[in-house]
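File shown: query.pdb (PDB, C-alpha atoms, pLDDT in the B column).
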```pdb
ATOM      1  CA  MET G   1     109.807  62.839  96.857  1.00 66.00           C
ATOM      2  CA  SER G   2     108.104  60.533  94.421  1.00 89.00           C
ATOM      3  CA  ARG G   3     105.713  61.584  91.684  1.00 91.00           C
ATOM      4  CA  ALA G   4     102.064  61.670  92.789  1.00 94.00           C
ATOM      5  CA  PRO G   5      99.357  60.516  90.363  1.00 94.00           C
ATOM      6  CA  PHE G   6      98.135  63.966  89.356  1.00 97.00           C
ATOM      7  CA  GLN G   7      99.188  66.804  87.073  1.00 96.00           C
ATOM      8  CA  ILE G   8      98.628  70.529  87.512  1.00 97.00           C
ATOM      9  CA  LEU G   9      98.167  73.307  84.979  1.00 98.00           C
ATOM     10  CA  VAL G  10      98.680  76.957  85.945  1.00 98.00           C
ATOM     11  CA  LEU G  11      97.461  79.922  83.895  1.00 98.00           C
ATOM     12  CA  PRO G  12      99.179  83.209  84.775  1.00 98.00           C
ATOM     13  CA  TYR G  13      97.158  86.299  83.893  1.00 97.00           C
ATOM     14  CA  CYS G  14      97.238  90.044  84.424  1.00 95.00           C
ATOM     15  CA  PHE G  15      95.248  93.100  83.446  1.00 93.00           C
ATOM     16  CA  ASN G  16      96.980  95.262  80.863  1.00 91.00           C
ATOM     17  CA  ASP G  17      95.952  98.803  81.820  1.00 90.00           C
ATOM     18  CA  ALA G  18      97.169 100.321  78.543  1.00 90.00           C
ATOM     19  CA  ALA G  19      95.233  97.830  76.396  1.00 89.00           C
ATOM     20  CA  LYS G  20      92.306  97.691  78.873  1.00 90.00           C
ATOM     21  CA  LYS G  21      92.130  93.900  78.699  1.00 93.00           C
ATOM     22  CA  HIS G  22      93.323  90.755  80.415  1.00 95.00           C
ATOM     23  CA  GLU G  23      96.375  88.991  79.061  1.00 97.00           C
ATOM     24  CA  TYR G  24      97.633  85.459  79.588  1.00 98.00           C
ATOM     25  CA  ALA G  25     101.213  84.187  79.776  1.00 97.00           C
ATOM     26  CA  ILE G  26     101.936  81.197  77.562  1.00 98.00           C
ATOM     27  CA  PHE G  27     105.241  79.358  77.474  1.00 98.00           C
ATOM     28  CA  LYS G  28     107.241  77.768  74.665  1.00 98.00           C
ATOM     29  CA  ARG G  29     108.659  74.381  75.636  1.00 95.00           C
ATOM     30  CA  SER G  30     112.394  73.873  75.260  1.00 94.00           C
ATOM     31  CA  ASP G  31     111.901  70.177  74.434  1.00 91.00           C
ATOM     32  CA  GLY G  32     109.325  70.826  71.707  1.00 90.00           C
ATOM     33  CA  ASP G  33     108.161  73.515  69.351  1.00 91.00           C
ATOM     34  CA  TYR G  34     104.834  74.247  71.040  1.00 96.00           C
ATOM     35  CA  TRP G  35     103.152  76.606  73.493  1.00 98.00           C
ATOM     36  CA  GLN G  36     101.392  75.732  76.734  1.00 98.00           C
ATOM     37  CA  PHE G  37     100.746  76.995  80.245  1.00 98.00           C
ATOM     38  CA  ILE G  38     102.827  75.985  83.266  1.00 98.00           C
ATOM     39  CA  ALA G  39     102.382  72.250  83.770  1.00 97.00           C
ATOM     40  CA  GLY G  40     103.895  69.663  86.023  1.00 95.00           C
ATOM     41  CA  GLY G  41     103.399  66.762  88.307  1.00 94.00           C
ATOM     42  CA  GLY G  42     102.510  66.705  91.944  1.00 95.00           C
ATOM     43  CA  GLU G  43     104.787  65.134  94.498  1.00 95.00           C
ATOM     44  CA  THR G  44     103.693  62.656  97.134  1.00 94.00           C
ATOM     45  CA  GLY G  45     102.143  64.476 100.086  1.00 95.00           C
ATOM     46  CA  GLU G  46     101.463  67.730  98.204  1.00 97.00           C
ATOM     47  CA  THR G  47      98.028  69.235  97.825  1.00 97.00           C
ATOM     48  CA  PHE G  48      96.996  70.371  94.363  1.00 98.00           C
ATOM     49  CA  LEU G  49      97.561  74.017  95.351  1.00 98.00           C
ATOM     50  CA  GLU G  50     100.984  73.291  96.834  1.00 98.00           C
ATOM     51  CA  ALA G  51     102.000  71.558  93.605  1.00 98.00           C
ATOM     52  CA  ALA G  52     100.698  74.498  91.530  1.00 98.00           C
ATOM     53  CA  LYS G  53     102.684  76.986  93.606  1.00 98.00           C
ATOM     54  CA  ARG G  54     105.858  74.871  93.503  1.00 97.00           C
ATOM     55  CA  GLU G  55     105.678  74.321  89.739  1.00 97.00           C
ATOM     56  CA  SER G  56     104.980  78.025  89.142  1.00 98.00           C
ATOM     57  CA  TRP G  57     108.017  78.964  91.215  1.00 97.00           C
ATOM     58  CA  GLU G  58     110.253  76.369  89.542  1.00 97.00           C
ATOM     59  CA  GLU G  59     109.219  77.233  85.983  1.00 97.00           C
ATOM     60  CA  ALA G  60     108.660  81.002  86.131  1.00 97.00           C
ATOM     61  CA  LYS G  61     109.628  82.287  89.613  1.00 96.00           C
ATOM     62  CA  ILE G  62     106.026  83.237  90.387  1.00 97.00           C
ATOM     63  CA  PRO G  63     105.908  83.993  94.128  1.00 94.00           C
ATOM     64  CA  GLU G  64     103.976  81.654  96.390  1.00 92.00           C
ATOM     65  CA  GLU G  65     102.004  84.556  97.852  1.00 93.00           C
ATOM     66  CA  ALA G  66     100.503  85.462  94.454  1.00 95.00           C
ATOM     67  CA  GLN G  67      96.708  85.103  94.179  1.00 93.00           C
ATOM     68  CA  TYR G  68      95.888  81.554  93.019  1.00 97.00           C
ATOM     69  CA  PHE G  69      92.449  80.069  92.513  1.00 96.00           C
ATOM     70  CA  GLN G  70      91.331  76.691  91.268  1.00 98.00           C
ATOM     71  CA  LEU G  71      89.395  76.513  88.029  1.00 98.00           C
ATOM     72  CA  MET G  72      86.520  74.116  87.459  1.00 97.00           C
ATOM     73  CA  THR G  73      88.272  72.711  84.395  1.00 96.00           C
ATOM     74  CA  SER G  74      89.871  69.349  84.971  1.00 92.00           C
ATOM     75  CA  ASN G  75      91.214  66.904  82.463  1.00 94.00           C
ATOM     76  CA  SER G  76      92.545  63.374  82.285  1.00 95.00           C
ATOM     77  CA  ILE G  77      95.963  62.542  80.932  1.00 94.00           C
ATOM     78  CA  PRO G  78      96.780  59.013  79.771  1.00 94.00           C
ATOM     79  CA  VAL G  79      99.716  57.538  81.671  1.00 94.00           C
ATOM     80  CA  ASN G  80     101.467  56.678  78.403  1.00 93.00           C
ATOM     81  CA  ALA G  81     102.151  60.423  78.026  1.00 90.00           C
ATOM     82  CA  PHE G  82     104.795  60.069  80.755  1.00 88.00           C
ATOM     83  CA  THR G  83     108.264  58.560  80.539  1.00 87.00           C
ATOM     84  CA  ASP G  84     107.392  55.894  83.115  1.00 88.00           C
ATOM     85  CA  PRO G  85     103.743  54.954  82.520  1.00 85.00           C
ATOM     86  CA  LEU G  86     103.881  52.186  85.146  1.00 90.00           C
ATOM     87  CA  GLN G  87     105.119  54.416  87.993  1.00 89.00           C
ATOM     88  CA  TRP G  88     101.655  54.323  89.609  1.00 92.00           C
ATOM     89  CA  GLY G  89     100.985  50.652  88.924  1.00 91.00           C
ATOM     90  CA  ARG G  90      99.319  48.647  86.200  1.00 93.00           C
ATOM     91  CA  ASP G  91      95.772  49.633  87.211  1.00 95.00           C
ATOM     92  CA  ILE G  92      96.196  53.386  86.661  1.00 94.00           C
ATOM     93  CA  TYR G  93      95.327  54.377  83.093  1.00 95.00           C
ATOM     94  CA  VAL G  94      94.808  58.127  83.404  1.00 96.00           C
ATOM     95  CA  ILE G  95      95.692  60.772  85.972  1.00 95.00           C
ATOM     96  CA  PRO G  96      93.774  63.993  86.644  1.00 97.00           C
ATOM     97  CA  GLU G  97      95.049  67.393  85.576  1.00 97.00           C
ATOM     98  CA  ILE G  98      93.903  70.079  88.021  1.00 98.00           C
ATOM     99  CA  CYS G  99      93.850  73.668  86.750  1.00 98.00           C
ATOM    100  CA  PHE G 100      94.654  76.900  88.561  1.00 98.00           C
ATOM    101  CA  ALA G 101      94.842  80.554  87.606  1.00 98.00           C
ATOM    102  CA  VAL G 102      97.274  82.989  89.177  1.00 98.00           C
ATOM    103  CA  GLU G 103      97.005  86.750  88.972  1.00 96.00           C
ATOM    104  CA  LEU G 104     100.258  88.620  88.533  1.00 95.00           C
ATOM    105  CA  ARG G 105     100.596  92.318  89.282  1.00 84.00           C
ATOM    106  CA  GLY G 106     103.765  92.657  87.234  1.00 77.00           C
ATOM    107  CA  ASN G 107     104.329  90.704  84.083  1.00 68.00           C
ATOM    108  CA  LYS G 108     107.994  89.809  84.569  1.00 82.00           C
ATOM    109  CA  MET G 109     108.951  86.194  85.073  1.00 92.00           C
ATOM    110  CA  VAL G 110     112.210  84.262  85.127  1.00 94.00           C
ATOM    111  CA  LEU G 111     112.080  81.086  83.086  1.00 94.00           C
ATOM    112  CA  SER G 112     113.570  77.737  83.962  1.00 95.00           C
ATOM    113  CA  GLU G 113     115.280  75.591  81.346  1.00 94.00           C
ATOM    114  CA  GLU G 114     111.910  73.955  80.585  1.00 94.00           C
ATOM    115  CA  HIS G 115     110.925  76.961  78.455  1.00 95.00           C
ATOM    116  CA  THR G 116     112.717  79.094  75.898  1.00 96.00           C
ATOM    117  CA  GLU G 117     110.353  82.065  76.032  1.00 96.00           C
ATOM    118  CA  TYR G 118     106.980  83.345  77.146  1.00 96.00           C
ATOM    119  CA  GLN G 119     104.491  85.820  75.747  1.00 96.00           C
ATOM    120  CA  TRP G 120     101.699  87.885  77.266  1.00 96.00           C
ATOM    121  CA  LEU G 121      98.790  87.676  74.861  1.00 97.00           C
ATOM    122  CA  GLY G 122      95.112  88.472  74.635  1.00 97.00           C
ATOM    123  CA  TYR G 123      92.613  85.624  74.726  1.00 98.00           C
ATOM    124  CA  GLU G 124      92.328  84.868  71.003  1.00 98.00           C
ATOM    125  CA  ASP G 125      96.063  85.017  70.272  1.00 98.00           C
ATOM    126  CA  ALA G 126      96.870  82.804  73.261  1.00 98.00           C
ATOM    127  CA  TYR G 127      94.092  80.353  72.373  1.00 98.00           C
ATOM    128  CA  ASN G 128      95.339  80.033  68.798  1.00 98.00           C
ATOM    129  CA  LEU G 129      98.940  79.307  69.829  1.00 98.00           C
ATOM    130  CA  LEU G 130      98.223  76.720  72.530  1.00 98.00           C
ATOM    131  CA  LYS G 131      98.867  73.116  71.541  1.00 97.00           C
ATOM    132  CA  TYR G 132      96.666  71.173  73.941  1.00 96.00           C
ATOM    133  CA  ASP G 133      92.879  71.254  74.070  1.00 96.00           C
ATOM    134  CA  SER G 134      93.064  71.012  77.869  1.00 96.00           C
ATOM    135  CA  ASN G 135      94.982  74.307  77.937  1.00 97.00           C
ATOM    136  CA  LYS G 136      92.431  75.882  75.597  1.00 98.00           C
ATOM    137  CA  THR G 137      89.499  74.765  77.746  1.00 98.00           C
ATOM    138  CA  ALA G 138      91.091  76.122  80.923  1.00 98.00           C
ATOM    139  CA  LEU G 139      91.867  79.404  79.147  1.00 98.00           C
ATOM    140  CA  TRP G 140      88.260  79.678  77.952  1.00 98.00           C
ATOM    141  CA  GLU G 141      86.965  79.177  81.496  1.00 98.00           C
ATOM    142  CA  LEU G 142      89.366  81.723  82.970  1.00 98.00           C
ATOM    143  CA  ASN G 143      88.557  84.271  80.283  1.00 97.00           C
ATOM    144  CA  GLN G 144      84.810  83.828  80.872  1.00 97.00           C
ATOM    145  CA  ARG G 145      85.267  84.277  84.629  1.00 96.00           C
ATOM    146  CA  LEU G 146      87.311  87.448  84.098  1.00 96.00           C
ATOM    147  CA  LEU G 147      84.803  88.867  81.599  1.00 92.00           C
ATOM    148  CA  LYS G 148      82.009  88.241  84.105  1.00 88.00           C
ATOM    149  CA  THR G 149      84.005  89.927  86.887  1.00 77.00           C
ATOM    150  CA  VAL G 150      84.670  93.017  84.755  1.00 64.00           C
ATOM    151  CA  SER G 151      81.006  93.135  83.701  1.00 58.00           C
ATOM    152  CA  ASN G 152      79.870  92.889  87.353  1.00 62.00           C
ATOM    153  CA  GLU G 153      82.302  95.640  88.394  1.00 59.00           C
ATOM    154  CA  LEU G 154      81.004  97.956  85.683  1.00 51.00           C
ATOM    155  CA  THR G 155      77.384  97.219  86.635  1.00 55.00           C
ATOM    156  CA  ASN G 156      78.064  98.014  90.301  1.00 57.00           C
ATOM    157  CA  GLN G 157      79.666 101.408  89.616  1.00 49.00           C
TER     158      GLN G 157
END
```
With the file now loaded, output its structure as structure tokens.
Amino acid sequence: MSRAPFQILVLPYCFNDAAKKHEYAIFKRSDGDYWQFIAGGGETGETFLEAAKRESWEEAKIPEEAQYFQLMTSNSIPVNAFTDPLQWGRDIYVIPEICFAVELRGNKMVLSEEHTEYQWLGYEDAYNLLKYDSNKTALWELNQRLLKTVSNELTNQ
């Protein structure tokens, strides 16, 4: 398949019962000394969700049946960030990055060669280690959604 003109970002999260808080998995790139979430390109014919599930499986062995949901956060990535900036033609200057969250019940993952390690961290620690502002914005949105959900659950008890 050929590369479609969109990028996905996937934020794995879980609830740490012992710490009584949500944690987020961030990944250290093997081709650079920085941390990010799961990221990758769509393939021609894939939906955004299909691409998110495929990339999550390829990079961390997250099962397809895990609970995914699309975030409102979206970003634009300049085509010169890719090895072949002309792969979509001369009239494409940026491609969209579509963000998803995925809830994991266990916090074990198997990394591909794209990453050297991962960490489960609370919001502030994860935010401070992430390299890209787009990752930070998506994390902020997810954290706000989860805080609201917990607050609503406590109110309804």
Item checked: Polymer residues at most 12 Å from Gly45 in chain G, all atoms listed in the file, same-chain spacing of 4 or more positions, as a list of chain:residue names -> G:Met1, G:Ser2, G:Arg3, G:Ala4, G:Pro5, G:Phe6, G:Leu49, G:Glu50, G:Ala51
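Counting from CA of Glu124 in chain G, the distance to CA of Pro63 in chain G is 26.8 Å.
Applied to this file, the PyMOL selection byres ((chain G and resi 38) around 6) selects the residues Leu9, Val10, Phe37 and Ala39 of chain G.
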Chain and number of each residue from the PyMOL selection byres ((chain G and resi 27-31) around 12), as a tab-separated table (two decimals) with C-alpha atoms, in the frame of the given file:
```
chain	number	residue	atom	x	y	z
G	9	LEU	CA	98.17	73.31	84.98
G	10	VAL	CA	98.68	76.96	85.94
G	11	LEU	CA	97.46	79.92	83.90
G	12	PRO	CA	99.18	83.21	84.78
G	24	TYR	CA	97.63	85.46	79.59
G	25	ALA	CA	101.21	84.19	79.78
G	26	ILE	CA	101.94	81.20	77.56
G	32	GLY	CA	109.32	70.83	71.71
G	33	ASP	CA	108.16	73.52	69.35
G	34	TYR	CA	104.83	74.25	71.04
G	35	TRP	CA	103.15	76.61	73.49
G	36	GLN	CA	101.39	75.73	76.73
G	37	PHE	CA	100.75	77.00	80.24
G	38	ILE	CA	102.83	75.98	83.27
G	39	ALA	CA	102.38	72.25	83.77
G	56	SER	CA	104.98	78.03	89.14
G	59	GLU	CA	109.22	77.23	85.98
G	60	ALA	CA	108.66	81.00	86.13
G	109	MET	CA	108.95	86.19	85.07
G	110	VAL	CA	112.21	84.26	85.13
G	111	LEU	CA	112.08	81.09	83.09
G	112	SER	CA	113.57	77.74	83.96
G	113	GLU	CA	115.28	75.59	81.35
G	114	GLU	CA	111.91	73.96	80.58
G	115	HIS	CA	110.92	76.96	78.46
G	116	THR	CA	112.72	79.09	75.90
G	117	GLU	CA	110.35	82.06	76.03
G	118	TYR	CA	106.98	83.34	77.15
G	119	GLN	CA	104.49	85.82	75.75
G	120	TRP	CA	101.70	87.88	77.27
G	121	LEU	CA	98.79	87.68	74.86
G	126	ALA	CA	96.87	82.80	73.26
G	129	LEU	CA	98.94	79.31	69.83
G	130	LEU	CA	98.22	76.72	72.53
G	131	LYS	CA	98.87	73.12	71.54
G	135	ASN	CA	94.98	74.31	77.94
```
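Taking all atoms listed in the file, the non-local environment of Val94 in chain G within 12 Å (same-chain residues fewer than 2 positions away omitted) comprises Pro5, Phe6, Gln7, Asn75, Ser76, Ile77, Pro78, Val79, Asn80, Ala81, Phe82, Pro85, Leu86, Gln87, Trp88, Gly89, Arg90, Asp91, Ile92, Pro96 and Glu97 of chain G.
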Next item on the list: Please work out which residues fall within 10 Å of (90.2, 76.3, 94.7), coordinates as given in the file, with only C-alpha atoms counting, and return them as a ChimeraX atom specification.
Entry: /G:48-49,68-72,98-101
Suppose we keep C-alpha atoms; can you now write the selection as a compact mmCIF listing (two decimals), in the frame of the given file?
```txt
# COMPACT_ATOMS: atom_id res chain seq x y z
CA PHE G 48 97.00 70.37 94.36
CA LEU G 49 97.56 74.02 95.35
CA TYR G 68 95.89 81.55 93.02
CA PHE G 69 92.45 80.07 92.51
CA GLN G 70 91.33 76.69 91.27
CA LEU G 71 89.40 76.51 88.03
CA MET G 72 86.52 74.12 87.46
CA ILE G 98 93.90 70.08 88.02
CA CYS G 99 93.85 73.67 86.75
CA PHE G 100 94.65 76.90 88.56
CA ALA G 101 94.84 80.55 87.61
```
Next item on the list: Would you mind reading off the distance between CA of Cys14 in chain G and CA of Glu103 in chain G, one decimal, in Å?
Entry: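 Value for the CA of Cys14 in chain G-CA of Glu103 in chain G distance: 5.6 Å.
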Checklist line | Two-atom distance - CA of Ile8 in chain G, CA of Gly40 in chain G (Å) | finding: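 Atom-to-atom, CA of Ile8 in chain G to CA of Gly40 in chain G, that is 5.5 Å.
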Write out as a PDB file with C-alpha atoms, keeping the file's coordinate frame the residues lying within 10 Å of Ala19 in chain G, counting all atoms listed in the file and excluding same-chain residues fewer than 4 positions away.
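Just written: out_11.pdb:
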```
ATOM      1  CA  PHE G  15      95.248  93.100  83.446  1.00 93.00           C
ATOM      2  CA  GLU G  23      96.375  88.991  79.061  1.00 97.00           C
ATOM      3  CA  GLY G 122      95.112  88.472  74.635  1.00 97.00           C
TER       4      GLY G 122
END
```
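Remark: for Ala52 in chain G, the closest of the candidate residues G:Asn16, G:Thr83, G:Arg145, G:Val102 is G:Val102 (distances computed over only C-alpha atoms).
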Where's the centre, and what are the edge lengths in Å to one decimal, of a box along x, y and z enclosing all listed atoms of range 124-137 of chain G padded 3 Å per side, as AutoDock Vina command-line options?
```
--center_x 94.2 --center_y 78.0 --center_z 73.4 --size_x 15.4 --size_y 20.0 --size_z 15.1
```
Next item on the list: Would you mind telling me which residue in G:Glu43, G:Ser134, G:Leu104, G:His22 lies nearest to Lys61 in chain G when using all atoms listed in the file?
Entry: G:Leu104
Please complete range 58-70 of chain G with N, CA, C and O atoms and give it back as a PDB file, in the coordinates of the input.
```pdb
ATOM      1  N   GLU G  58     109.168  77.040  90.249  1.00 97.00           N
ATOM      2  CA  GLU G  58     110.253  76.369  89.542  1.00 97.00           C
ATOM      3  C   GLU G  58     110.343  76.800  88.077  1.00 97.00           C
ATOM      4  O   GLU G  58     111.435  76.973  87.554  1.00 97.00           O
ATOM      5  N   GLU G  59     109.209  76.960  87.419  1.00 97.00           N
ATOM      6  CA  GLU G  59     109.219  77.233  85.983  1.00 97.00           C
ATOM      7  C   GLU G  59     109.257  78.710  85.620  1.00 97.00           C
ATOM      8  O   GLU G  59     109.734  79.058  84.541  1.00 97.00           O
ATOM      9  N   ALA G  60     108.755  79.596  86.506  1.00 97.00           N
ATOM     10  CA  ALA G  60     108.660  81.002  86.131  1.00 97.00           C
ATOM     11  C   ALA G  60     108.943  81.975  87.271  1.00 97.00           C
ATOM     12  O   ALA G  60     108.781  83.174  87.109  1.00 97.00           O
ATOM     13  N   LYS G  61     109.346  81.458  88.436  1.00 96.00           N
ATOM     14  CA  LYS G  61     109.628  82.287  89.613  1.00 96.00           C
ATOM     15  C   LYS G  61     108.425  83.142  90.029  1.00 96.00           C
ATOM     16  O   LYS G  61     108.561  84.278  90.472  1.00 96.00           O
ATOM     17  N   ILE G  62     107.235  82.563  89.909  1.00 97.00           N
ATOM     18  CA  ILE G  62     106.026  83.237  90.387  1.00 97.00           C
ATOM     19  C   ILE G  62     105.968  83.030  91.896  1.00 97.00           C
ATOM     20  O   ILE G  62     106.026  81.898  92.372  1.00 97.00           O
ATOM     21  N   PRO G  63     105.871  84.116  92.667  1.00 94.00           N
ATOM     22  CA  PRO G  63     105.908  83.993  94.128  1.00 94.00           C
ATOM     23  C   PRO G  63     104.724  83.201  94.683  1.00 94.00           C
ATOM     24  O   PRO G  63     103.608  83.280  94.164  1.00 94.00           O
ATOM     25  N   GLU G  64     104.994  82.479  95.745  1.00 92.00           N
ATOM     26  CA  GLU G  64     103.976  81.654  96.390  1.00 92.00           C
ATOM     27  C   GLU G  64     102.810  82.488  96.906  1.00 92.00           C
ATOM     28  O   GLU G  64     101.669  82.032  96.937  1.00 92.00           O
ATOM     29  N   GLU G  65     103.074  83.726  97.285  1.00 93.00           N
ATOM     30  CA  GLU G  65     102.004  84.556  97.852  1.00 93.00           C
ATOM     31  C   GLU G  65     101.122  85.206  96.788  1.00 93.00           C
ATOM     32  O   GLU G  65     100.168  85.917  97.116  1.00 93.00           O
ATOM     33  N   ALA G  66     101.379  84.953  95.513  1.00 95.00           N
ATOM     34  CA  ALA G  66     100.503  85.462  94.454  1.00 95.00           C
ATOM     35  C   ALA G  66      99.099  84.879  94.638  1.00 95.00           C
ATOM     36  O   ALA G  66      98.917  83.858  95.300  1.00 95.00           O
ATOM     37  N   GLN G  67      98.100  85.520  94.036  1.00 93.00           N
ATOM     38  CA  GLN G  67      96.708  85.103  94.179  1.00 93.00           C
ATOM     39  C   GLN G  67      96.371  83.948  93.229  1.00 93.00           C
ATOM     40  O   GLN G  67      96.218  84.156  92.035  1.00 93.00           O
ATOM     41  N   TYR G  68      96.247  82.750  93.788  1.00 97.00           N
ATOM     42  CA  TYR G  68      95.888  81.554  93.019  1.00 97.00           C
ATOM     43  C   TYR G  68      94.429  81.212  93.283  1.00 97.00           C
ATOM     44  O   TYR G  68      93.930  81.417  94.379  1.00 97.00           O
ATOM     45  N   PHE G  69      93.746  80.687  92.268  1.00 96.00           N
ATOM     46  CA  PHE G  69      92.449  80.069  92.513  1.00 96.00           C
ATOM     47  C   PHE G  69      92.263  78.900  91.562  1.00 96.00           C
ATOM     48  O   PHE G  69      92.774  78.892  90.449  1.00 96.00           O
ATOM     49  N   GLN G  70      91.551  77.909  92.050  1.00 98.00           N
ATOM     50  CA  GLN G  70      91.331  76.691  91.268  1.00 98.00           C
ATOM     51  C   GLN G  70      90.197  76.910  90.279  1.00 98.00           C
ATOM     52  O   GLN G  70      89.155  77.465  90.618  1.00 98.00           O
TER      53      GLN G  70
END
```
